[in-house]
Amino acid sequence: MPPEPLTPERILEATEDVLRRYGPAKATVVDVARALGVSHGSVYRHFGSKAALREAVTQRWLDLSHAELSAVAGAEGPAGPRLRAWLAALFAAKRRKAGGDPELFATYMVLVGENSATVGRHIETMIGQLAQIVESGIRSGEFATTDPAATARALWDATNRFHDPAYAADWSLPGIDAAFDAVCDLLLRGLRPA
């Protein structure tokens with residue numbers, strides 16, 4: 001049977017495994033190539049540098065949450081419940097990442113620190129999805145705000161404790177779900193017309 005073709009996706013999967021095994025400080029492109037059974041030059045043909053490979057892994061990790069959240073943002077129905085569902089889905093995804101694979105989560109926190117432009121694009125995508133929900137709430141009369149972009153940014157900032165990895169240790173504390181619900185209730189009340 002011929003060997004499986006080397007694709008960027010296979011390289012990224014192998015890179016995740018290598019990062020999980022060795023951590024970001026010790027993982028090398030040679031380790032990734034060895035895991036794939038190819039030369040490191042083959043990896044460099046797809047990713048021109050170690051930094052490019054690490055950025056692609058970071059982007060892939062952040063992109064995993066975009067599809068699910070985009071579906072919630074673009075769904076039909078009242079904006080209030082969609083906003084709550086979107087925030088809940090984001091919080092659940094972050095908790096899964098932090099609790100399901102803590103070694104890889106810690107590794108990604110290092111990579112995220114190295115790739116601020118990638119993180120910036122991710123945050124803008126997330127805020128754009130929030131703005132989409134806010135715009136639909138304005139159109140339907142559910143929300144009284146007049147600036148969807150500014151409101152979306154404020155919602156992102158107000159819910160920081162439930163999605164910013166700096167707060168990951170809080171995500172398993174007793175009462176965190178009640179705190180999340182209280183913040184969502186407060187935000188939704190603040191968006192409604194007087």
# chains A, B, ... in the order shown; residues from 1 in each chain; ligands from 1

call {"tool": "closest_atom_pairs", "arguments": {"of": "region 129-181 of chain A", "to": "region 52-76 of chain A", "cutoff": "7 Å", "atoms": "only C-alpha atoms", "output": "CSV"}}
result
residue,atom,partner,partner_atom,distance
A:Gln129,CA,A:Ala73,CA,5.7
A:Leu130,CA,A:Ala73,CA,7.0
A:Gln132,CA,A:Ala73,CA,6.5
A:Ile133,CA,A:Ala73,CA,5.7

call {"tool": "select_by_dssp", "arguments": {"residues": "region 22-60 of chain A", "states": "helix (DSSP H, G or I)", "output": "number ranges by chain"}}
result
A: 22, 29-36, 40-46, 50-60

call {"tool": "write_last_selection", "arguments": {"atoms": "N, CA and C atoms", "output": "PDB file, in the first residue's frame"}}
result
ATOM      1  N   TYR A  22       6.064  16.869  23.708  1.00  0.00           N
ATOM      2  CA  TYR A  22       7.302  17.538  24.102  1.00  0.00           C
ATOM      3  C   TYR A  22       7.111  18.947  24.671  1.00  0.00           C
ATOM      4  N   VAL A  29      10.628  20.909  14.315  1.00  0.00           N
ATOM      5  CA  VAL A  29      10.126  20.463  13.016  1.00  0.00           C
ATOM      6  C   VAL A  29      10.662  19.066  12.714  1.00  0.00           C
ATOM      7  N   VAL A  30      11.873  18.772  13.148  1.00  0.00           N
ATOM      8  CA  VAL A  30      12.447  17.431  12.957  1.00  0.00           C
ATOM      9  C   VAL A  30      11.596  16.395  13.684  1.00  0.00           C
ATOM     10  N   ASP A  31      11.108  16.726  14.879  1.00  0.00           N
ATOM     11  CA  ASP A  31      10.221  15.814  15.613  1.00  0.00           C
ATOM     12  C   ASP A  31       8.931  15.563  14.832  1.00  0.00           C
ATOM     13  N   VAL A  32       8.387  16.611  14.248  1.00  0.00           N
ATOM     14  CA  VAL A  32       7.162  16.485  13.453  1.00  0.00           C
ATOM     15  C   VAL A  32       7.428  15.589  12.242  1.00  0.00           C
ATOM     16  N   ALA A  33       8.538  15.846  11.547  1.00  0.00           N
ATOM     17  CA  ALA A  33       8.889  15.047  10.368  1.00  0.00           C
ATOM     18  C   ALA A  33       9.081  13.583  10.754  1.00  0.00           C
ATOM     19  N   ARG A  34       9.757  13.344  11.867  1.00  0.00           N
ATOM     20  CA  ARG A  34       9.979  11.973  12.335  1.00  0.00           C
ATOM     21  C   ARG A  34       8.652  11.284  12.603  1.00  0.00           C
ATOM     22  N   ALA A  35       7.720  11.979  13.238  1.00  0.00           N
ATOM     23  CA  ALA A  35       6.404  11.407  13.535  1.00  0.00           C
ATOM     24  C   ALA A  35       5.646  11.037  12.255  1.00  0.00           C
ATOM     25  N   LEU A  36       5.902  11.783  11.189  1.00  0.00           N
ATOM     26  CA  LEU A  36       5.242  11.531   9.903  1.00  0.00           C
ATOM     27  C   LEU A  36       6.019  10.551   9.024  1.00  0.00           C
ATOM     28  N   HIS A  40      12.504  16.566   7.272  1.00  0.00           N
ATOM     29  CA  HIS A  40      12.009  17.871   7.721  1.00  0.00           C
ATOM     30  C   HIS A  40      11.842  18.824   6.539  1.00  0.00           C
ATOM     31  N   GLY A  41      12.582  18.599   5.458  1.00  0.00           N
ATOM     32  CA  GLY A  41      12.411  19.408   4.250  1.00  0.00           C
ATOM     33  C   GLY A  41      11.013  19.259   3.662  1.00  0.00           C
ATOM     34  N   SER A  42      10.422  18.060   3.804  1.00  0.00           N
ATOM     35  CA  SER A  42       9.056  17.842   3.312  1.00  0.00           C
ATOM     36  C   SER A  42       8.054  18.685   4.092  1.00  0.00           C
ATOM     37  N   VAL A  43       8.299  18.818   5.382  1.00  0.00           N
ATOM     38  CA  VAL A  43       7.418  19.644   6.207  1.00  0.00           C
ATOM     39  C   VAL A  43       7.574  21.106   5.804  1.00  0.00           C
ATOM     40  N   TYR A  44       8.836  21.534   5.580  1.00  0.00           N
ATOM     41  CA  TYR A  44       9.099  22.922   5.202  1.00  0.00           C
ATOM     42  C   TYR A  44       8.518  23.277   3.832  1.00  0.00           C
ATOM     43  N   ARG A  45       8.268  22.296   2.981  1.00  0.00           N
ATOM     44  CA  ARG A  45       7.633  22.594   1.685  1.00  0.00           C
ATOM     45  C   ARG A  45       6.188  23.075   1.888  1.00  0.00           C
ATOM     46  N   HIS A  46       5.579  22.639   2.963  1.00  0.00           N
ATOM     47  CA  HIS A  46       4.199  23.052   3.264  1.00  0.00           C
ATOM     48  C   HIS A  46       4.152  24.276   4.179  1.00  0.00           C
ATOM     49  N   LYS A  50       9.447  27.193  11.126  1.00  0.00           N
ATOM     50  CA  LYS A  50       8.867  26.679  12.366  1.00  0.00           C
ATOM     51  C   LYS A  50       7.792  27.646  12.869  1.00  0.00           C
ATOM     52  N   ALA A  51       8.057  28.931  12.740  1.00  0.00           N
ATOM     53  CA  ALA A  51       7.082  29.934  13.175  1.00  0.00           C
ATOM     54  C   ALA A  51       5.784  29.832  12.374  1.00  0.00           C
ATOM     55  N   ALA A  52       5.899  29.607  11.062  1.00  0.00           N
ATOM     56  CA  ALA A  52       4.706  29.466  10.215  1.00  0.00           C
ATOM     57  C   ALA A  52       3.899  28.238  10.618  1.00  0.00           C
ATOM     58  N   LEU A  53       4.594  27.155  10.936  1.00  0.00           N
ATOM     59  CA  LEU A  53       3.926  25.932  11.365  1.00  0.00           C
ATOM     60  C   LEU A  53       3.207  26.161  12.696  1.00  0.00           C
ATOM     61  N   ARG A  54       3.873  26.805  13.626  1.00  0.00           N
ATOM     62  CA  ARG A  54       3.259  27.073  14.929  1.00  0.00           C
ATOM     63  C   ARG A  54       2.061  28.018  14.792  1.00  0.00           C
ATOM     64  N   GLU A  55       2.170  28.990  13.896  1.00  0.00           N
ATOM     65  CA  GLU A  55       1.038  29.895  13.665  1.00  0.00           C
ATOM     66  C   GLU A  55      -0.141  29.140  13.061  1.00  0.00           C
ATOM     67  N   ALA A  56       0.130  28.232  12.133  1.00  0.00           N
ATOM     68  CA  ALA A  56      -0.943  27.445  11.507  1.00  0.00           C
ATOM     69  C   ALA A  56      -1.630  26.546  12.530  1.00  0.00           C
ATOM     70  N   VAL A  57      -0.866  25.969  13.437  1.00  0.00           N
ATOM     71  CA  VAL A  57      -1.457  25.133  14.481  1.00  0.00           C
ATOM     72  C   VAL A  57      -2.345  25.979  15.384  1.00  0.00           C
ATOM     73  N   THR A  58      -1.875  27.161  15.728  1.00  0.00           N
ATOM     74  CA  THR A  58      -2.658  28.075  16.558  1.00  0.00           C
ATOM     75  C   THR A  58      -3.947  28.471  15.844  1.00  0.00           C
ATOM     76  N   GLN A  59      -3.838  28.816  14.555  1.00  0.00           N
ATOM     77  CA  GLN A  59      -5.020  29.201  13.771  1.00  0.00           C
ATOM     78  C   GLN A  59      -6.024  28.058  13.705  1.00  0.00           C
ATOM     79  N   ARG A  60      -5.534  26.855  13.480  1.00  0.00           N
ATOM     80  CA  ARG A  60      -6.410  25.672  13.403  1.00  0.00           C
ATOM     81  C   ARG A  60      -7.159  25.487  14.717  1.00  0.00           C
TER      82      ARG A  60
END

call {"tool": "closest_residue", "arguments": {"among": "A:Gly37, A:Ala25, A:Ala144, A:Lys97", "to": "Ile11 (chain A)", "atoms": "only C-alpha atoms"}}
result
A:Gly37

call {"tool": "residues_around", "arguments": {"residues": "Ala168 (chain A)", "least_positions_apart": "6", "cutoff": "12 Å", "atoms": "only C-alpha atoms", "output": "number ranges by chain"}}
result
A: 91-99, 102, 105-106, 109, 160-162, 176

call {"tool": "write_last_selection", "arguments": {"atoms": "N, CA, C and O atoms", "output": "PDB file, in the first residue's frame"}}
result
ATOM      1  N   PHE A  91     -18.396  29.412  25.935  1.00  0.00           N
ATOM      2  CA  PHE A  91     -17.925  29.011  27.257  1.00  0.00           C
ATOM      3  C   PHE A  91     -17.705  27.494  27.311  1.00  0.00           C
ATOM      4  O   PHE A  91     -16.668  27.013  27.789  1.00  0.00           O
ATOM      5  N   ALA A  92     -18.648  26.733  26.785  1.00  0.00           N
ATOM      6  CA  ALA A  92     -18.521  25.269  26.787  1.00  0.00           C
ATOM      7  C   ALA A  92     -17.311  24.814  25.977  1.00  0.00           C
ATOM      8  O   ALA A  92     -16.576  23.915  26.393  1.00  0.00           O
ATOM      9  N   ALA A  93     -17.094  25.439  24.825  1.00  0.00           N
ATOM     10  CA  ALA A  93     -15.945  25.075  23.985  1.00  0.00           C
ATOM     11  C   ALA A  93     -14.634  25.364  24.704  1.00  0.00           C
ATOM     12  O   ALA A  93     -13.700  24.545  24.670  1.00  0.00           O
ATOM     13  N   LYS A  94     -14.549  26.504  25.350  1.00  0.00           N
ATOM     14  CA  LYS A  94     -13.325  26.851  26.072  1.00  0.00           C
ATOM     15  C   LYS A  94     -13.093  25.881  27.231  1.00  0.00           C
ATOM     16  O   LYS A  94     -11.969  25.448  27.471  1.00  0.00           O
ATOM     17  N   ARG A  95     -14.152  25.527  27.942  1.00  0.00           N
ATOM     18  CA  ARG A  95     -14.016  24.577  29.041  1.00  0.00           C
ATOM     19  C   ARG A  95     -13.555  23.206  28.538  1.00  0.00           C
ATOM     20  O   ARG A  95     -12.720  22.570  29.184  1.00  0.00           O
ATOM     21  N   ARG A  96     -14.117  22.767  27.416  1.00  0.00           N
ATOM     22  CA  ARG A  96     -13.713  21.468  26.846  1.00  0.00           C
ATOM     23  C   ARG A  96     -12.231  21.475  26.503  1.00  0.00           C
ATOM     24  O   ARG A  96     -11.512  20.512  26.771  1.00  0.00           O
ATOM     25  N   LYS A  97     -11.787  22.560  25.885  1.00  0.00           N
ATOM     26  CA  LYS A  97     -10.375  22.648  25.496  1.00  0.00           C
ATOM     27  C   LYS A  97      -9.470  22.633  26.724  1.00  0.00           C
ATOM     28  O   LYS A  97      -8.440  21.959  26.729  1.00  0.00           O
ATOM     29  N   ALA A  98      -9.838  23.371  27.749  1.00  0.00           N
ATOM     30  CA  ALA A  98      -8.994  23.468  28.943  1.00  0.00           C
ATOM     31  C   ALA A  98      -9.017  22.179  29.757  1.00  0.00           C
ATOM     32  O   ALA A  98      -7.979  21.740  30.249  1.00  0.00           O
ATOM     33  N   GLY A  99     -10.187  21.577  29.889  1.00  0.00           N
ATOM     34  CA  GLY A  99     -10.313  20.388  30.732  1.00  0.00           C
ATOM     35  C   GLY A  99     -10.047  19.081  30.012  1.00  0.00           C
ATOM     36  O   GLY A  99      -9.574  18.123  30.618  1.00  0.00           O
ATOM     37  N   PRO A 102      -5.458  19.183  29.045  1.00  0.00           N
ATOM     38  CA  PRO A 102      -4.776  20.297  29.700  1.00  0.00           C
ATOM     39  C   PRO A 102      -3.354  20.544  29.198  1.00  0.00           C
ATOM     40  O   PRO A 102      -2.911  21.696  29.146  1.00  0.00           O
ATOM     41  N   PHE A 105      -3.737  22.376  25.956  1.00  0.00           N
ATOM     42  CA  PHE A 105      -4.258  23.711  26.255  1.00  0.00           C
ATOM     43  C   PHE A 105      -3.123  24.619  26.733  1.00  0.00           C
ATOM     44  O   PHE A 105      -2.999  25.764  26.285  1.00  0.00           O
ATOM     45  N   ALA A 106      -2.289  24.119  27.634  1.00  0.00           N
ATOM     46  CA  ALA A 106      -1.150  24.906  28.126  1.00  0.00           C
ATOM     47  C   ALA A 106      -0.192  25.239  26.990  1.00  0.00           C
ATOM     48  O   ALA A 106       0.327  26.358  26.901  1.00  0.00           O
ATOM     49  N   MET A 109      -1.600  28.011  24.922  1.00  0.00           N
ATOM     50  CA  MET A 109      -1.484  29.321  25.552  1.00  0.00           C
ATOM     51  C   MET A 109      -0.123  29.947  25.237  1.00  0.00           C
ATOM     52  O   MET A 109      -0.029  31.152  25.021  1.00  0.00           O
ATOM     53  N   ASN A 160     -15.699  38.268  29.460  1.00  0.00           N
ATOM     54  CA  ASN A 160     -14.297  37.849  29.399  1.00  0.00           C
ATOM     55  C   ASN A 160     -13.977  36.688  30.346  1.00  0.00           C
ATOM     56  O   ASN A 160     -13.226  35.779  29.991  1.00  0.00           O
ATOM     57  N   ARG A 161     -14.517  36.706  31.536  1.00  0.00           N
ATOM     58  CA  ARG A 161     -14.228  35.657  32.522  1.00  0.00           C
ATOM     59  C   ARG A 161     -14.602  34.273  32.002  1.00  0.00           C
ATOM     60  O   ARG A 161     -14.056  33.267  32.457  1.00  0.00           O
ATOM     61  N   PHE A 162     -15.497  34.210  31.038  1.00  0.00           N
ATOM     62  CA  PHE A 162     -16.014  32.921  30.585  1.00  0.00           C
ATOM     63  C   PHE A 162     -15.422  32.467  29.252  1.00  0.00           C
ATOM     64  O   PHE A 162     -15.827  31.437  28.723  1.00  0.00           O
ATOM     65  N   ILE A 176     -19.665  28.651  39.094  1.00  0.00           N
ATOM     66  CA  ILE A 176     -19.308  29.347  37.853  1.00  0.00           C
ATOM     67  C   ILE A 176     -20.484  29.391  36.886  1.00  0.00           C
ATOM     68  O   ILE A 176     -20.683  30.383  36.188  1.00  0.00           O
TER      69      ILE A 176
END
